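Quick look at run-v9.txt (compact mmCIF, C-alpha atoms):
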# COMPACT_ATOMS: atom_id res chain seq x y z
CA GLU A 1 -25.31 -127.65 85.74
CA ARG A 2 -25.34 -124.89 83.14
CA PHE A 3 -21.96 -126.07 81.77
CA ARG A 4 -23.29 -129.63 81.71
CA MET A 5 -26.39 -128.58 79.79
CA GLU A 6 -24.32 -126.55 77.31
CA GLU A 7 -22.03 -129.55 76.82
CA GLU A 8 -25.04 -131.78 76.17
CA ASP A 9 -26.41 -129.23 73.68
CA ARG A 10 -23.10 -129.15 71.85
CA SER A 11 -22.97 -132.97 71.85
CA SER A 12 -26.54 -133.15 70.58
CA GLN A 13 -25.75 -130.68 67.81
CA SER A 14 -22.67 -132.71 66.87
CA ARG A 15 -24.76 -135.87 66.68
CA GLU A 16 -27.31 -134.10 64.51
CA ILE A 17 -24.53 -132.89 62.22
CA VAL A 18 -23.10 -136.41 61.99
CA LEU A 19 -26.55 -137.89 61.35
CA ARG A 20 -27.27 -135.23 58.73
CA GLU A 21 -23.96 -135.96 57.00
CA GLN A 22 -24.70 -139.69 57.14
CA ARG A 23 -28.14 -139.13 55.60
CA GLN A 24 -26.56 -136.98 52.86
CA LEU A 25 -23.96 -139.66 52.19
CA GLU A 26 -26.66 -142.34 52.08
CA ASP A 27 -28.73 -140.17 49.72
CA GLN A 28 -25.67 -139.73 47.51
CA LEU A 29 -25.01 -143.48 47.54
CA LEU A 30 -28.64 -144.22 46.74
CA PHE A 31 -28.60 -141.65 43.95
CA GLY A 32 -25.38 -143.12 42.62
CA ASP A 33 -26.85 -146.64 42.76
CA ARG A 34 -29.98 -145.43 41.00
CA MET A 35 -27.95 -143.72 38.28
CA ARG A 36 -25.77 -146.81 37.86
CA MET A 37 -28.81 -149.04 37.62
CA GLU A 38 -30.39 -146.73 35.08
CA GLU A 39 -27.16 -146.74 33.05
CA GLU A 40 -27.03 -150.54 33.28
CA ASP A 41 -30.65 -150.76 32.18
CA ALA A 42 -29.95 -148.43 29.26
CA SER A 43 -26.85 -150.45 28.36
CA SER A 44 -28.85 -153.67 28.59
CA LEU A 45 -31.49 -152.19 26.34
CA ASP A 46 -28.82 -151.16 23.86
CA GLN A 47 -27.23 -154.60 23.99
CA ALA A 48 -30.63 -156.21 23.58
CA GLY A 49 -31.25 -153.99 20.57
CA VAL A 50 -27.89 -154.91 19.08
CA PHE A 51 -28.55 -158.59 19.77
CA ARG A 52 -31.99 -158.41 18.15
CA GLU A 53 -30.46 -156.72 15.11
CA GLN A 54 -27.79 -159.41 14.91
CA LEU A 55 -30.46 -162.09 15.09
CA ARG A 56 -32.44 -160.34 12.37
CA ILE A 57 -29.37 -160.11 10.11
CA GLU A 58 -28.46 -163.74 10.77
CA ALA A 59 -32.02 -164.89 10.12
CA GLN A 60 -32.09 -162.91 6.89
CA ALA A 61 -28.74 -164.40 5.84
CA VAL A 62 -29.98 -167.92 6.62
CA SER A 63 -33.17 -167.27 4.69
CA GLU A 64 -31.23 -165.95 1.71
CA GLU A 65 -28.83 -168.91 1.86
CA GLN A 66 -31.73 -171.35 2.01
CA LEU A 67 -33.33 -169.63 -0.95
CA ARG A 68 -30.04 -169.74 -2.87
CA ILE A 69 -29.61 -173.43 -2.10
CA GLN A 70 -33.17 -174.17 -3.15
CA GLN A 71 -32.72 -172.27 -6.40
CA HIS A 72 -29.45 -174.11 -7.01
CA ILE A 73 -31.15 -177.45 -6.34
CA VAL A 74 -33.88 -176.65 -8.85
CA ALA A 75 -31.31 -175.54 -11.43
CA GLN A 76 -29.23 -178.68 -10.90
CA ARG A 77 -32.28 -180.93 -11.19
CA ASP A 78 -33.37 -179.20 -14.38
CA LEU A 79 -29.90 -179.53 -15.89
CA ALA A 80 -29.64 -183.16 -14.79
CA GLN A 81 -33.02 -183.82 -16.41
CA GLN A 82 -31.88 -182.26 -19.69
CA ILE A 83 -28.73 -184.38 -19.70
CA LEU A 84 -30.79 -187.44 -18.79
CA ASP A 85 -33.12 -186.75 -21.72
CA ASP A 86 -30.10 -186.69 -24.07
CA TYR A 87 -28.73 -190.02 -22.86
CA SER A 88 -32.19 -191.58 -22.81
CA ALA A 89 -32.72 -190.46 -26.39
CA LEU A 90 -29.37 -192.01 -27.31
CA ARG A 91 -30.39 -195.21 -25.54
CA SER A 92 -33.74 -195.34 -27.33
CA SER A 93 -32.21 -194.72 -30.74
CA ARG A 94 -29.73 -197.60 -30.24
CA THR A 95 -32.16 -200.09 -28.70
CA GLY A 96 -31.77 -203.42 -30.39
CA SER A 97 -28.55 -202.43 -32.12
CA GLY A 98 -26.15 -202.59 -29.20
CA GLY A 99 -24.36 -205.60 -30.58
CA ILE A 100 -24.34 -204.38 -34.17
CA SER A 101 -21.05 -202.85 -35.20
CA PHE A 102 -20.66 -199.91 -37.56
CA SER A 103 -17.81 -198.01 -39.14
CA ILE A 104 -16.03 -195.44 -37.02
CA PHE A 105 -16.72 -192.89 -39.76
CA THR A 106 -20.50 -193.45 -39.69
CA ASP A 107 -22.41 -190.28 -38.87
CA VAL A 108 -24.69 -191.25 -35.97
CA GLY A 109 -25.53 -187.69 -34.93
CA ASP A 110 -24.56 -185.75 -31.82
CA SER A 111 -26.27 -186.82 -28.62
CA GLN A 112 -25.41 -183.59 -26.81
CA ASN A 113 -28.01 -180.88 -26.36
CA ALA A 114 -26.57 -177.84 -28.12
CA ALA A 115 -28.40 -175.53 -25.70
CA LEU A 116 -26.34 -176.79 -22.75
CA ASN A 117 -23.10 -175.14 -21.73
CA PRO A 118 -20.41 -177.82 -22.29
CA GLU A 119 -18.30 -176.75 -19.31
CA GLU A 120 -21.30 -176.52 -17.00
CA GLN A 121 -22.48 -179.92 -18.25
CA ASN A 122 -19.06 -181.47 -17.68
CA ASP A 123 -18.89 -180.02 -14.14
CA LEU A 124 -22.31 -181.42 -13.31
CA LEU A 125 -21.45 -184.83 -14.73
CA CYS A 126 -18.30 -184.82 -12.59
CA ASN A 127 -20.44 -184.19 -9.49
CA ILE A 128 -22.97 -186.80 -10.57
CA PHE A 129 -20.54 -189.64 -11.21
CA THR A 130 -18.34 -188.79 -8.21
CA ALA A 131 -21.36 -188.84 -5.88
CA TYR A 132 -22.80 -191.94 -7.53
CA THR A 133 -19.58 -194.01 -7.38
CA ARG A 134 -19.02 -192.85 -3.79
CA MET A 135 -22.53 -194.01 -2.92
CA ARG A 136 -21.77 -197.42 -4.51
CA ARG A 137 -18.41 -197.73 -2.77
CA ASN A 138 -19.66 -200.21 -0.16
CA ASP A 139 -20.91 -202.57 -2.86
CA PRO A 140 -18.22 -205.31 -3.18
CA ASN A 141 -19.37 -206.01 -6.74
CA TYR A 142 -18.92 -202.42 -7.89
CA ASP A 143 -15.45 -201.14 -8.78
CA ARG A 144 -16.05 -198.13 -11.03
CA SER A 145 -14.77 -194.62 -10.37
CA GLU A 146 -15.85 -191.36 -11.99
CA ARG A 147 -13.01 -191.72 -14.50
CA ASP A 148 -14.65 -194.82 -15.95
CA PHE A 149 -17.29 -192.46 -17.35
CA MET A 150 -14.68 -190.34 -19.12
CA ASP A 151 -13.10 -190.63 -22.55
CA PRO A 152 -9.45 -191.71 -22.03
CA ILE A 153 -8.25 -189.34 -24.78
CA SER A 154 -10.08 -186.06 -24.11
CA GLN A 155 -10.76 -186.66 -20.38
CA GLU A 156 -14.29 -185.37 -20.96
CA PHE A 157 -17.39 -187.28 -19.94
CA PHE A 158 -18.94 -189.51 -22.57
CA ARG A 159 -21.71 -188.28 -24.83
CA THR A 160 -21.70 -191.22 -27.26
CA PRO A 161 -19.56 -194.00 -25.76
CA ILE A 162 -18.46 -196.70 -28.22
CA ILE A 163 -16.38 -199.85 -27.83
CA ALA A 164 -13.46 -200.18 -30.25
CA SER A 165 -11.66 -203.34 -31.35
CA ASP A 166 -9.05 -202.85 -28.60
CA ARG A 167 -11.93 -203.50 -26.13
CA ARG A 168 -11.69 -199.98 -24.71
CA THR A 169 -14.50 -197.46 -24.56
CA TYR A 170 -14.01 -194.11 -26.29
CA GLU A 171 -16.05 -191.07 -27.12
CA LEU A 172 -17.16 -191.55 -30.72
CA SER A 173 -16.21 -188.06 -31.93
CA THR A 174 -12.80 -188.25 -30.21
CA LEU A 175 -11.94 -191.57 -31.82
CA GLN A 176 -13.16 -190.25 -35.17
CA ASP A 177 -10.79 -187.28 -34.83
CA TRP A 178 -7.94 -189.65 -33.93
CA CYS A 179 -8.57 -191.87 -36.97
CA ASN A 180 -8.94 -188.85 -39.28
CA THR A 181 -5.57 -187.55 -38.09
CA GLN A 182 -3.93 -190.91 -38.73
CA SER A 183 -5.53 -191.11 -42.17
CA GLN A 184 -4.24 -187.64 -43.10
CA ARG A 185 -0.74 -188.67 -42.05
CA GLY A 186 -0.92 -191.85 -44.08
CA LEU A 187 -0.56 -193.99 -40.97
CA PRO A 188 -2.35 -197.28 -40.32
CA PHE A 189 -5.26 -197.04 -37.94
CA SER A 190 -4.03 -197.91 -34.45
CA SER A 191 -5.29 -197.75 -30.90
CA PRO A 192 -4.60 -194.39 -29.22
CA MET A 193 -3.77 -196.25 -26.01
CA ASP A 194 -1.39 -199.06 -27.04
CA ARG A 195 -0.76 -198.33 -30.76
CA GLN A 196 -1.96 -201.80 -31.74
CA ARG A 197 -3.74 -202.08 -35.10
CA LEU A 198 -7.32 -200.88 -34.80
CA ASN A 199 -10.32 -202.30 -36.59
CA LEU A 200 -12.59 -199.50 -37.80
CA GLN A 201 -15.73 -201.37 -36.70
CA VAL A 202 -17.13 -200.12 -33.39
CA ALA A 203 -20.29 -200.62 -31.35
CA HIS A 204 -22.18 -198.52 -28.81
CA ASP A 205 -21.33 -199.33 -25.20
CA MET A 206 -24.93 -199.93 -24.14
CA GLY A 207 -23.97 -201.19 -20.69
CA LEU A 208 -22.16 -197.95 -19.91
CA ILE A 209 -24.98 -195.85 -21.36
CA ASP A 210 -27.46 -197.68 -19.12
CA GLU A 211 -25.30 -197.08 -16.06
CA MET A 212 -24.90 -193.39 -16.90
CA ILE A 213 -28.68 -193.10 -17.14
CA THR A 214 -29.01 -194.85 -13.76
CA ALA A 215 -26.45 -192.52 -12.15
CA ILE A 216 -28.05 -189.34 -13.52
CA THR A 217 -31.52 -190.50 -12.49
CA TRP A 218 -30.26 -191.25 -8.97
CA TYR A 219 -28.63 -187.81 -8.73
CA ARG A 220 -31.72 -186.00 -10.02
CA ASP A 221 -33.90 -187.65 -7.37
CA GLU A 222 -31.32 -187.59 -4.56
CA VAL A 223 -30.40 -183.90 -4.83
CA ALA A 224 -33.88 -182.82 -3.72
CA GLN A 225 -33.65 -184.89 -0.52
CA ASN A 226 -29.95 -184.54 0.23
CA PRO A 227 -28.41 -181.20 -0.91
CA ASP A 228 -24.98 -182.42 0.27
CA VAL A 229 -24.59 -184.26 -3.02
CA LEU A 230 -24.29 -180.82 -4.61
CA ARG A 231 -20.90 -180.40 -2.95
CA GLY A 232 -18.96 -182.12 -5.65
CA PRO A 233 -15.20 -181.73 -6.04
CA GLY A 234 -15.44 -179.75 -9.29
CA ARG A 235 -13.99 -180.95 -12.53
CA VAL A 236 -11.78 -184.00 -12.58

How does this structure look as structure tokens?
Amino acid sequence: ERFRMEEEDRSSQSREIVLREQRQLEDQLLFGDRMRMEEEDASSLDQAGVFREQLRIEAQAVSEEQLRIQQHIVAQRDLAQQILDDYSALRSSRTGSGGISFSIFTDVGDSQNAALNPEEQNDLLCNIFTAYTRMRRNDPNYDRSERDFMDPISQEFFRTPIIASDRRTYELSTLQDWCNTQSQRGLPFSSPMDRQRLNLQVAHDMGLIDEMITAITWYRDEVAQNPDVLRGPGRV
């Protein structure tokens, strides 16, 4: 009986040791889980902080881009308005005289605003007439391209378009330079395109001037509602 009781005591002690070790292991596992959860929480907080910072940076970038676009729109509208004023002034000064011819060497004044940057003006006109002709592309009665608004000699956009006797439209100053060069060389005045004899009487191309005014007016009003028209292809 005494041996049996001692054996039971040893068995009971063994069970207590096993239970104690199990409790220690469970405590360690719980502690490990708690530490892991705390680390995950800290990592989540860090990630959330990084994400919030990314959102703040992106929002700031979007805000700055929107501001830049808005400033660009205002600048483009102002420039378009200045160009429109020049062509409108040209139109007003020639009203009633569209069919009246004049000598190529007549000084009719420069319709270009001297305060405007010529390259910047030419780039904007390229965007204007490219967007305008693209908008009119579905019209079966419209067949112009942006190049129809350009002088065939200089490849610059018209400031004072005139119709010569060869029935082509030129920039007045460009055709004047061409005729002056021929005169200095003692050559007969001829068309720069086909070398046929050229009459020195010209007339303003009022139809083209009117269409240029229409295109610039459309662009000035459209750019505020649809900024995509700003994405022109650059200079022709």

So which residues touch Met150 (chain A) within 12 Å, counting all atoms listed in the file, skipping near sequence neighbours fewer than 5 positions away, as a PDB file with C-alpha atoms, in the frame of the given file?
ATOM      1  CA  ASN A 122     -19.060-181.470 -17.680  1.00  0.00           C
ATOM      2  CA  LEU A 125     -21.450-184.830 -14.730  1.00  0.00           C
ATOM      3  CA  CYS A 126     -18.300-184.820 -12.590  1.00  0.00           C
ATOM      4  CA  PHE A 129     -20.540-189.640 -11.210  1.00  0.00           C
ATOM      5  CA  THR A 130     -18.340-188.790  -8.210  1.00  0.00           C
ATOM      6  CA  ARG A 144     -16.050-198.130 -11.030  1.00  0.00           C
ATOM      7  CA  SER A 145     -14.770-194.620 -10.370  1.00  0.00           C
ATOM      8  CA  GLN A 155     -10.760-186.660 -20.380  1.00  0.00           C
ATOM      9  CA  GLU A 156     -14.290-185.370 -20.960  1.00  0.00           C
ATOM     10  CA  PHE A 157     -17.390-187.280 -19.940  1.00  0.00           C
ATOM     11  CA  PHE A 158     -18.940-189.510 -22.570  1.00  0.00           C
ATOM     12  CA  ARG A 159     -21.710-188.280 -24.830  1.00  0.00           C
ATOM     13  CA  THR A 160     -21.700-191.220 -27.260  1.00  0.00           C
ATOM     14  CA  PRO A 161     -19.560-194.000 -25.760  1.00  0.00           C
ATOM     15  CA  ILE A 162     -18.460-196.700 -28.220  1.00  0.00           C
ATOM     16  CA  ARG A 168     -11.690-199.980 -24.710  1.00  0.00           C
ATOM     17  CA  THR A 169     -14.500-197.460 -24.560  1.00  0.00           C
ATOM     18  CA  TYR A 170     -14.010-194.110 -26.290  1.00  0.00           C
ATOM     19  CA  GLU A 171     -16.050-191.070 -27.120  1.00  0.00           C
ATOM     20  CA  LEU A 172     -17.160-191.550 -30.720  1.00  0.00           C
ATOM     21  CA  THR A 174     -12.800-188.250 -30.210  1.00  0.00           C
ATOM     22  CA  LEU A 208     -22.160-197.950 -19.910  1.00  0.00           C
ATOM     23  CA  ILE A 209     -24.980-195.850 -21.360  1.00  0.00           C
ATOM     24  CA  MET A 212     -24.900-193.390 -16.900  1.00  0.00           C
ATOM     25  CA  ARG A 235     -13.990-180.950 -12.530  1.00  0.00           C
ATOM     26  CA  VAL A 236     -11.780-184.000 -12.580  1.00  0.00           C
TER      27      VAL A 236
END

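Closest to Ala80 (chain A) among A:Ser12, A:Gln176, A:Asn127, A:Gln28 is A:Asn127, based on only C-alpha atoms.
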
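Distances to Gln82 (chain A) were evaluated for A:Thr217, A:Ser11, A:Ser154, A:Gln47 using all atoms listed in the file, and the minimum falls at A:Thr217.
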
Which one is closest to Leu198 (chain A): A:Asp166, A:Asp210, A:Asp33, A:Asp221? Count only C-alpha atoms.
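Checking each of A:Asp166, A:Asp210, A:Asp33, A:Asp221 against Leu198 (chain A), counting only C-alpha atoms, the winner is A:Asp166.
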
Which neighbours of Asn199 (chain A) fall inside 12 Å, counting only C-alpha atoms, when residues of the same chain fewer than 4 positions from it are skipped, and could you give them as an NGL selection string?
:A and (101-105 or 163-167 or 175 or 179 or 188-191 or 195 or 203)

Counting all atoms listed in the file, find residues at most 12 Å from (-21.3, -193.2, -8.3) (file frame) and give them as a ChimeraX atom specification.
/A:125-139,142-149,211-219,229,232

Option closest in space to Gln70 (chain A), from A:Ile153, A:Val223, A:Ala48, A:Leu90 [counting all atoms listed in the file]:
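Nearest candidate to Gln70 (chain A) out of A:Ile153, A:Val223, A:Ala48, A:Leu90: A:Val223.
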
One-decimal distance in Å that lies between CA of Ala89 (chain A) and CA of Glu120 (chain A):
20.3 Å
